[in-house]
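Each remark here refers to the structure printed beneath this line.
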Amino acid sequence: MLELKVFQADSARTMADRYAYFASHPDRPRKGTKPRPFFQALSALTGAGKTPILAQAVVLMRAYFGCEPIVLWMSKAKSVVAQTYTNFADGKYSHIVDGFEVINVQQLNPTLIADGSTPLLLMTTTGLFNNKDQSEGALNIYKKDNDLFGDQSPWERLIERKYDGKRRPLLIVYDEGHNLSEQQTELLAELEPDAYLLASATLKLPANFQKSVIQPISLWFEEVSDSTPFVMLNAVDSDGKPEAERFITTAVSSEKVVEAQLVKKAIQFDGTTAAMEQCLDDLCERMNVLNNEIANQDLNFKPKAIYVCKTNIADDGEKDDATKPFEHRKAPPIRIWRYLVEEKGISPKDIAIYANLTFVDGNKPKVVNLFSKGENDFDEFQAGNYHHVIFNLSLQEGWDDPACYLAYIDKSMGSSIQVEQIIGRVLRQYGATHYESPLLNSAHFFLRVDSQSVFSDAIQKVRTKLQSEGAPIEISSNFGTKGSVAEDLSPKDDVPVELHHIFVDSEAARKRIAEIVSDFLTFAEGHPDTLGEAHTTTQLVDLHELGKDQGALEWKPDGNTNPMRLRWLVNTAIKSRSSRALAVVDLKEKKFDVRIQVQSRVDKLTHKLAQEVVSAFFQHSDLVYESVKPFKFGVLRVPKDAPAFSNALYDRYTGFNKFELVFARALDITGATWHRNPVSGGFFIPLLSEGDTASFYPDFIVWRKGLIYCLDTKGGHLLSDAVARKLFDIREDGKTKILVRFITEGKQTELRGKAIKGGYTVWKMKSGQSTPIHVADLDAAVTESLK
């Protein structure tokens, strides 16, 4: 089962809170007497987990309805619908939508639509209603079905959706919102949904949708924003001014996605104008290095590679002759396949071509795994678990394999392939864990180009795209006309160092948390403290007179909010603060089985309980030097012209900023053994603080006189109160083992204080306080850091 990250839980809560405020607002925009639908766009980096965020948002919004909702969950591709259905029905997301009836649209019937006591999650492709002449499976959603739906069509039943004299709420979730069309907009509007949730990185939506859904919310926002608490809804700009676009968009911080280890930390580009074979040689060599790193880290998976090229056009721009024998064909996918098999010794069973590659007269060898039917053979392709996949940009959405580490992209001969469009295929991090080896935290791209300018332009577009998404992903590039200008470096054989992992000892915290949980009161289901008041409105819809004025709507207290298990409410409240603390909480007691209504007094007590639990976790946990678990230094990819050092663990390092480089050179002069901890992964210290930012990666590690120093260089303007959380000593068997230091330029006397030019400030922890020590020059700063 997938556990939501803190940022995912926060994003879902933001969407639900915005809905609750909008839906219950007395000035909610209306068209005549009918309320306008709520809208929320979820904007997030590839790999951020949009599906679980949307699912959690739906579950939280469910609590604000008077009866259980119907959720119409749509995707464009059948493969994505099938995959999502499996994840919801009995897969990794099933616990999120626990209690929902999850069905495919073919299983829809009048009883399910009319059962307002059970939330319904209805999965479908947009092709179901894209065209009123189309049908999906045995269900034509626009056709009257006397046998099953009486004298109405399934579509009309969904429009009506009556339960106990009320209309069931309807939520429309579109996890590929960028595909929303004008026709879909018009058809979905017939359903009169209560809310739209779209996963979309951009709000370039159809004009009619903008007019009927977005603009009314924006106008409402402008009218009420001066007197409403939009700060609490994260809908203000950097100056604290309410902003409509922020209200209709939940933007997930890309930095948090990286910190949560869902995506890779770096992208390495190797470019060449050499022949295709040279580029493939480099890729296969890197794959071998990755396999060795995986073995050294005692991991158990195999990296995958993708190859993006033209399909039936040869390198000379001429159309490939499909009548020629396979061994004489010039189509790029065939040339790549032949080279991998004949020269690199890769089994044909491990290679797939996913493209409309032309063959005639049965001249395709049986050993070639060709998938040319798009969605119709995607499932078969997926089941093959191929480690080398050759395609031409047509690879289905839904193929999101975190084991994909390498990509060959042929941009020669004027190819229009856009590298930035391929990034998402290789960005997810295998195991959702950053490893000790920087190479296993990186995506590896090999570009074949006509000139260095093409290579540089491609890298700049990638950089621009990632920067626009706020992704703190390191980009490094190497270009060589005849071969690589970078090499893979291992630690020096004659420099023995010892370093072990740091782990969180939470046994004392576990005991204290158990006491807190035990002291939580027991509540009986139905007790006034477990009830939350719902505000609803009634609107009967006459399908034969849809244009008739049904009278003014009036929201009023009416019954109670939907009930949730107390265990789920407590779990969610703790998770939103710290997933690490949640791991040591035991909620098995029967008192957490009781069903509690949202907005009840007990619901509010769950947030107080969560705060106490998380505080106890950090207060009673300790960092321990794990002497039985050594840290393994992996291979670093370093340019051959990178700065060289005499006393460092590796011969050369890259990725320095100006301050880091001069500090490294001063450090090297001391004669102490040191290491530049790579940005893309390496040694880290867990942080005992709330949120997904749970680890500290120091810039430098130094071994001196039996002690290990973790040194971090920062500009004075970057020094904040948060630094104090990272200034600590770590002990082993009662003796100090690791000391943390911060070094800043200029003179500072307090955190966040203005730096005065001249000298350097070394920050240490003394008597429980962060203490600044000013020195005259860099050598003195290094000396002070190692005291």
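Lettering and numbering for the structure tokens are positional, with chains as A, B, ... in the shown order, residues counted from 1 in each chain, and ligands counted from 1 in the shown order.
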
Checklist entry - Could you name the residues that touch stretch 212-221 of chain A at 12 Å or less, counting only C-alpha atoms, but leaving out those on the same chain fewer than 6 positions away, as a PyMOL selection string? => result chain A and resi 18-19+21-23+25-31+35-41+182+185-186+188-189+192-197+203-206+227-230+235-236+242-249

Output file for the selection above: N, CA and C atoms, as a CSV table (one decimal), in the first residue's frame:
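Output (out_7.csv):
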```csv
chain,number,residue,atom,x,y,z
A,18,ARG,N,-10.6,24.3,0.0
A,18,ARG,CA,-11.1,25.4,-0.9
A,18,ARG,C,-12.5,25.0,-1.4
A,19,TYR,N,-12.8,23.7,-1.6
A,19,TYR,CA,-14.1,23.3,-2.0
A,19,TYR,C,-15.1,23.7,-0.9
A,21,TYR,N,-15.0,25.9,1.5
A,21,TYR,CA,-15.3,27.3,1.6
A,21,TYR,C,-16.1,27.8,0.4
A,22,PHE,N,-15.8,27.4,-0.8
A,22,PHE,CA,-16.5,27.8,-2.0
A,22,PHE,C,-18.0,27.4,-1.9
A,23,ALA,N,-18.2,26.1,-1.7
A,23,ALA,CA,-19.5,25.5,-1.7
A,23,ALA,C,-20.5,26.1,-0.7
A,25,HIS,N,-20.2,29.1,0.7
A,25,HIS,CA,-20.2,30.6,0.7
A,25,HIS,C,-21.6,31.1,0.2
A,26,PRO,N,-22.1,32.1,1.0
A,26,PRO,CA,-23.4,32.6,0.6
A,26,PRO,C,-23.5,33.3,-0.8
A,27,ASP,N,-22.3,33.7,-1.3
A,27,ASP,CA,-22.3,34.4,-2.6
A,27,ASP,C,-21.7,33.5,-3.7
A,28,ARG,N,-21.8,32.2,-3.5
A,28,ARG,CA,-21.3,31.2,-4.5
A,28,ARG,C,-21.9,31.6,-5.8
A,29,PRO,N,-21.1,31.7,-6.9
A,29,PRO,CA,-21.7,32.1,-8.2
A,29,PRO,C,-22.7,31.1,-8.7
A,30,ARG,N,-23.7,31.6,-9.3
A,30,ARG,CA,-24.8,30.8,-9.9
A,30,ARG,C,-25.1,31.2,-11.3
A,31,LYS,N,-25.7,30.3,-12.0
A,31,LYS,CA,-26.3,30.5,-13.3
A,31,LYS,C,-27.8,30.4,-13.1
A,35,PRO,N,-26.2,26.5,-8.8
A,35,PRO,CA,-24.8,26.9,-8.4
A,35,PRO,C,-23.8,26.5,-9.4
A,36,ARG,N,-22.8,27.4,-9.6
A,36,ARG,CA,-21.7,27.0,-10.6
A,36,ARG,C,-20.8,26.0,-9.9
A,37,PRO,N,-20.2,25.2,-10.7
A,37,PRO,CA,-19.3,24.1,-10.1
A,37,PRO,C,-18.0,24.7,-9.6
A,38,PHE,N,-17.5,24.0,-8.6
A,38,PHE,CA,-16.1,24.3,-8.1
A,38,PHE,C,-15.1,23.8,-9.1
A,39,PHE,N,-14.0,24.4,-9.2
A,39,PHE,CA,-12.9,23.9,-10.1
A,39,PHE,C,-11.6,24.0,-9.4
A,40,GLN,N,-10.8,23.0,-9.6
A,40,GLN,CA,-9.4,23.0,-9.1
A,40,GLN,C,-8.5,22.2,-10.0
A,41,ALA,N,-7.4,22.9,-10.4
A,41,ALA,CA,-6.4,22.3,-11.2
A,41,ALA,C,-5.2,21.9,-10.3
A,182,GLU,N,-13.3,21.0,-26.3
A,182,GLU,CA,-14.5,21.8,-26.3
A,182,GLU,C,-15.7,20.9,-26.3
A,185,THR,N,-16.2,19.5,-22.9
A,185,THR,CA,-16.7,20.5,-22.0
A,185,THR,C,-18.2,20.6,-22.1
A,186,GLU,N,-18.8,20.6,-23.3
A,186,GLU,CA,-20.2,20.8,-23.5
A,186,GLU,C,-21.0,19.6,-23.0
A,188,LEU,N,-19.9,17.3,-20.6
A,188,LEU,CA,-19.8,17.2,-19.2
A,188,LEU,C,-20.7,18.3,-18.5
A,189,ALA,N,-20.9,19.4,-19.1
A,189,ALA,CA,-21.8,20.4,-18.5
A,189,ALA,C,-23.2,19.9,-18.4
A,192,GLU,N,-24.1,18.7,-15.0
A,192,GLU,CA,-24.2,19.7,-13.9
A,192,GLU,C,-23.4,19.2,-12.7
A,193,PRO,N,-22.1,19.0,-12.8
A,193,PRO,CA,-21.3,18.5,-11.7
A,193,PRO,C,-21.2,19.5,-10.6
A,194,ASP,N,-20.9,19.1,-9.4
A,194,ASP,CA,-20.6,20.0,-8.3
A,194,ASP,C,-19.2,20.5,-8.3
A,195,ALA,N,-18.3,19.7,-8.9
A,195,ALA,CA,-16.9,20.1,-8.9
A,195,ALA,C,-16.1,19.4,-10.0
A,196,TYR,N,-15.1,20.1,-10.5
A,196,TYR,CA,-14.2,19.5,-11.5
A,196,TYR,C,-12.8,19.5,-10.8
A,197,LEU,N,-12.1,18.4,-10.8
A,197,LEU,CA,-10.7,18.3,-10.4
A,197,LEU,C,-9.9,17.8,-11.6
A,203,LEU,N,-3.3,26.1,-17.4
A,203,LEU,CA,-4.7,26.4,-17.4
A,203,LEU,C,-5.2,26.8,-18.8
A,204,LYS,N,-4.5,26.2,-19.8
A,204,LYS,CA,-4.9,26.5,-21.2
A,204,LYS,C,-6.1,25.5,-21.5
A,205,LEU,N,-7.2,25.9,-21.0
A,205,LEU,CA,-8.4,25.1,-21.1
A,205,LEU,C,-9.3,25.7,-22.2
A,206,PRO,N,-10.3,24.8,-22.7
A,206,PRO,CA,-11.2,25.3,-23.8
A,206,PRO,C,-11.9,26.6,-23.4
A,227,SER,N,-12.3,40.4,2.1
A,227,SER,CA,-12.9,40.1,3.4
A,227,SER,C,-12.9,38.7,3.8
A,228,THR,N,-12.1,37.9,3.1
A,228,THR,CA,-12.1,36.4,3.4
A,228,THR,C,-10.7,35.9,3.7
A,229,PRO,N,-10.6,34.8,4.4
A,229,PRO,CA,-9.3,34.3,4.9
A,229,PRO,C,-8.6,33.5,3.9
A,230,PHE,N,-8.2,34.1,2.7
A,230,PHE,CA,-7.5,33.3,1.7
A,230,PHE,C,-6.1,32.9,2.0
A,235,ALA,N,-4.0,31.0,-1.0
A,235,ALA,CA,-4.4,31.6,-2.2
A,235,ALA,C,-4.0,33.1,-2.2
A,236,VAL,N,-2.8,33.3,-1.7
A,236,VAL,CA,-2.2,34.7,-1.8
A,236,VAL,C,-0.8,34.7,-2.4
A,242,PRO,N,-4.5,38.4,-2.1
A,242,PRO,CA,-5.3,37.3,-2.7
A,242,PRO,C,-5.2,37.3,-4.2
A,243,GLU,N,-5.1,36.1,-4.7
A,243,GLU,CA,-4.9,35.9,-6.2
A,243,GLU,C,-5.8,34.8,-6.7
A,244,ALA,N,-6.7,35.1,-7.6
A,244,ALA,CA,-7.7,34.1,-8.1
A,244,ALA,C,-7.0,32.9,-8.7
A,245,GLU,N,-6.0,33.1,-9.5
A,245,GLU,CA,-5.3,31.9,-10.1
A,245,GLU,C,-4.8,30.9,-9.1
A,246,ARG,N,-4.3,31.5,-8.0
A,246,ARG,CA,-3.8,30.6,-6.9
A,246,ARG,C,-4.9,29.8,-6.2
A,247,PHE,N,-6.1,30.4,-6.2
A,247,PHE,CA,-7.2,29.7,-5.6
A,247,PHE,C,-7.7,28.6,-6.4
A,248,ILE,N,-7.6,28.7,-7.8
A,248,ILE,CA,-8.2,27.6,-8.6
A,248,ILE,C,-7.1,26.6,-9.0
A,249,THR,N,-5.8,26.8,-8.5
A,249,THR,CA,-4.7,25.9,-8.8
A,249,THR,C,-4.0,25.5,-7.6
```

Next on the checklist: as a count of residues only, please: every residue in stretch 565-720 of chain A that a backbone DSSP assignment puts in alpha helix (DSSP H).
Outcome noted: 46

Checklist entry - From the set A:Lys575, A:Arg157, A:Lys304, A:Arg665, which residue has the shortest atom-to-atom contact distance to A:Asp10, counting only C-alpha atoms? => result A:Lys575

Next on the checklist: When you look at A:Leu661 with a cut-off of 12 Å (counting only C-alpha atoms), what residues show up, excluding the ones that are within fewer than 4 positions of it in the same chain? I need them as a list in words.
Outcome noted: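 Skipping anything fewer than 4 positions along the chain leaves Ala642, Pro643, Ala644, Phe645, Arg652, Tyr653, Thr654, Gly655, Phe656, Asn657, Arg665, Ala666, Leu667, Asp668, Arg676, Asp699, Phe700, Thr713 and Leu778 of chain A.
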
Checklist entry - In Å, with one decimal, what is the gap from atom CA of A:Asp733 to atom CA of A:Leu711? => result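 Interatomic distance here is 22.8 Å.
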
Item to check | DSSP-assigned strand (DSSP E) among stretch 264-428 of chain A, expressed as an MDAnalysis selection string | outcome: chainID A and resid 266:272 304:308 351:354 370:371 388:391 404:410

Keeping C-alpha atoms for every residue in the selection just given, could you write it to a file as a short mmCIF file (atom, residue, chain, number, x, y, z; two decimals), in the first residue's frame?
```cif
data_model
loop_
_atom_site.label_atom_id
_atom_site.label_comp_id
_atom_site.auth_asym_id
_atom_site.auth_seq_id
_atom_site.Cartn_x
_atom_site.Cartn_y
_atom_site.Cartn_z
CA ALA A 266 20.05 14.98 -11.41
CA ILE A 267 20.13 14.60 -15.19
CA GLN A 268 23.37 13.85 -17.00
CA PHE A 269 23.60 14.58 -20.72
CA ASP A 270 26.24 13.16 -23.04
CA GLY A 271 26.19 14.55 -26.58
CA THR A 272 28.10 13.58 -29.69
CA LYS A 304 15.93 0.07 -18.38
CA ALA A 305 16.74 2.15 -21.45
CA ILE A 306 14.60 3.87 -24.08
CA TYR A 307 15.67 4.75 -27.63
CA VAL A 308 13.80 7.59 -29.36
CA ILE A 351 14.02 -5.62 -26.62
CA ALA A 352 10.71 -4.13 -27.80
CA ILE A 353 9.92 -1.84 -30.72
CA TYR A 354 6.83 0.22 -29.94
CA LEU A 370 6.99 -5.31 -32.51
CA PHE A 371 4.04 -3.44 -31.02
CA HIS A 388 15.29 -1.90 -24.01
CA VAL A 389 12.37 -0.04 -25.62
CA ILE A 390 12.66 1.60 -29.06
CA PHE A 391 9.91 4.08 -29.97
CA CYS A 404 13.97 3.58 -16.74
CA TYR A 405 17.37 5.21 -16.20
CA LEU A 406 18.81 5.76 -19.68
CA ALA A 407 17.65 7.36 -22.92
CA TYR A 408 19.16 7.55 -26.41
CA ILE A 409 17.67 10.38 -28.48
CA ASP A 410 18.53 10.82 -32.14
#
```

Item to check | Counting only C-alpha atoms, the option among A:Leu122, A:Ala199, A:Ile574, A:Val102 closest to A:Asn179 | outcome: A:Ala199

Next on the checklist: Give me the residues near A:Arg741 as a ChimeraX atom specification, where near means some atom within 10 Å (using only C-alpha atoms) and where sequence neighbours in that chain fewer than 4 positions away do not count.
Outcome noted: /A:698,700,709-713,723,726-729,762-765,770,784-786

Could you write those residues out with N, CA and C atoms, as a PDB file, in the first residue's frame?
```pdb
ATOM      1  N   PRO A 698      25.346  17.375   3.898  1.00  0.00           N
ATOM      2  CA  PRO A 698      26.418  18.367   4.043  1.00  0.00           C
ATOM      3  C   PRO A 698      27.255  18.470   2.771  1.00  0.00           C
ATOM      4  N   PHE A 700      30.581  19.028   2.555  1.00  0.00           N
ATOM      5  CA  PHE A 700      31.886  18.383   2.686  1.00  0.00           C
ATOM      6  C   PHE A 700      31.913  17.460   3.907  1.00  0.00           C
ATOM      7  N   TYR A 709      33.794  15.352  10.451  1.00  0.00           N
ATOM      8  CA  TYR A 709      33.235  16.703  10.397  1.00  0.00           C
ATOM      9  C   TYR A 709      32.347  16.833   9.150  1.00  0.00           C
ATOM     10  N   CYS A 710      31.140  17.293   9.367  1.00  0.00           N
ATOM     11  CA  CYS A 710      30.221  17.581   8.256  1.00  0.00           C
ATOM     12  C   CYS A 710      30.140  19.102   8.112  1.00  0.00           C
ATOM     13  N   LEU A 711      30.718  19.610   7.036  1.00  0.00           N
ATOM     14  CA  LEU A 711      30.839  21.047   6.830  1.00  0.00           C
ATOM     15  C   LEU A 711      29.939  21.505   5.689  1.00  0.00           C
ATOM     16  N   ASP A 712      29.273  22.631   5.900  1.00  0.00           N
ATOM     17  CA  ASP A 712      28.355  23.145   4.888  1.00  0.00           C
ATOM     18  C   ASP A 712      28.643  24.619   4.663  1.00  0.00           C
ATOM     19  N   THR A 713      28.921  24.992   3.429  1.00  0.00           N
ATOM     20  CA  THR A 713      29.212  26.387   3.091  1.00  0.00           C
ATOM     21  C   THR A 713      27.953  27.065   2.577  1.00  0.00           C
ATOM     22  N   VAL A 723      18.861  26.614  10.093  1.00  0.00           N
ATOM     23  CA  VAL A 723      20.216  26.099  10.237  1.00  0.00           C
ATOM     24  C   VAL A 723      20.429  25.525  11.631  1.00  0.00           C
ATOM     25  N   LYS A 726      20.195  21.922  12.170  1.00  0.00           N
ATOM     26  CA  LYS A 726      21.220  21.057  11.595  1.00  0.00           C
ATOM     27  C   LYS A 726      22.552  21.152  12.343  1.00  0.00           C
ATOM     28  N   LEU A 727      22.621  22.037  13.327  1.00  0.00           N
ATOM     29  CA  LEU A 727      23.850  22.166  14.114  1.00  0.00           C
ATOM     30  C   LEU A 727      23.760  21.269  15.339  1.00  0.00           C
ATOM     31  N   PHE A 728      24.403  20.140  15.274  1.00  0.00           N
ATOM     32  CA  PHE A 728      24.372  19.205  16.399  1.00  0.00           C
ATOM     33  C   PHE A 728      25.566  18.272  16.315  1.00  0.00           C
ATOM     34  N   ASP A 729      25.853  17.606  17.403  1.00  0.00           N
ATOM     35  CA  ASP A 729      26.876  16.571  17.449  1.00  0.00           C
ATOM     36  C   ASP A 729      26.183  15.224  17.578  1.00  0.00           C
ATOM     37  N   VAL A 762      32.205  30.990  11.274  1.00  0.00           N
ATOM     38  CA  VAL A 762      32.015  29.551  11.470  1.00  0.00           C
ATOM     39  C   VAL A 762      30.960  29.368  12.559  1.00  0.00           C
ATOM     40  N   TRP A 763      29.929  28.613  12.233  1.00  0.00           N
ATOM     41  CA  TRP A 763      28.825  28.382  13.167  1.00  0.00           C
ATOM     42  C   TRP A 763      28.968  27.006  13.786  1.00  0.00           C
ATOM     43  N   LYS A 764      28.922  26.963  15.142  1.00  0.00           N
ATOM     44  CA  LYS A 764      28.998  25.712  15.888  1.00  0.00           C
ATOM     45  C   LYS A 764      27.869  25.666  16.914  1.00  0.00           C
ATOM     46  N   MET A 765      27.654  24.465  17.445  1.00  0.00           N
ATOM     47  CA  MET A 765      26.699  24.327  18.523  1.00  0.00           C
ATOM     48  C   MET A 765      27.465  24.286  19.837  1.00  0.00           C
ATOM     49  N   SER A 770      23.336  27.894  18.887  1.00  0.00           N
ATOM     50  CA  SER A 770      24.126  28.095  17.675  1.00  0.00           C
ATOM     51  C   SER A 770      25.013  29.316  17.894  1.00  0.00           C
ATOM     52  N   GLU A 784      39.251  26.547  12.083  1.00  0.00           N
ATOM     53  CA  GLU A 784      38.230  26.641  13.132  1.00  0.00           C
ATOM     54  C   GLU A 784      37.146  25.577  12.949  1.00  0.00           C
ATOM     55  N   SER A 785      36.825  25.284  11.686  1.00  0.00           N
ATOM     56  CA  SER A 785      35.791  24.282  11.403  1.00  0.00           C
ATOM     57  C   SER A 785      36.195  22.899  11.885  1.00  0.00           C
ATOM     58  N   LEU A 786      37.501  22.639  11.896  1.00  0.00           N
ATOM     59  CA  LEU A 786      37.991  21.302  12.244  1.00  0.00           C
ATOM     60  C   LEU A 786      38.451  21.208  13.695  1.00  0.00           C
TER      61      LEU A 786
END
```

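With only C-alpha atoms taken into account, the protein and nucleic acid residues at most 10 Å from A:Ile502 (excluding it and anything under 5 positions from it in its own chain) are Leu623, Val624, Tyr625, Glu626, Ser627, Lys629, Pro630, Phe631, Phe683, Phe684, Ile685, Pro686, Ile730 and Ile738 of chain A.
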
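You will find atom CA of A:Gly746 at 28.4 Å from atom CA of A:Glu255.
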
Next on the checklist: One number please: atom CA of A:Pro563 to atom CA of A:Pro52, in Å, one decimal.
Outcome noted: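 According to the coordinates, atom CA of A:Pro563 and atom CA of A:Pro52 are separated by 20.9 Å.
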
Item to check | Among listed residues A:Lys349, A:Lys5, A:Lys302, A:Lys747, nearest A:Lys50 (using only C-alpha atoms) | outcome: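 With only C-alpha atoms as the atom set, the closest residue is A:Lys5.
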
Next on the checklist: I'd like the contact shell of A:Val504 - 12 Å cut-off, only C-alpha atoms, skipping same-chain residues fewer than 4 positions apart - returned as a VMD selection string.
Outcome noted: chain A and resid 508 to 510 580 to 581 583 to 584 617 to 626 685 to 689 694 to 695 730

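Remark: for A:Ala260, the closest of the candidate residues A:Ala63, A:Leu499, A:Val6, A:Val231 is A:Val6 (distances computed over only C-alpha atoms).
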
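Remark: for A:Val485, the closest of the candidate residues A:Lys640, A:Lys144, A:Lys604, A:Lys511 is A:Lys640 (distances computed over only C-alpha atoms).
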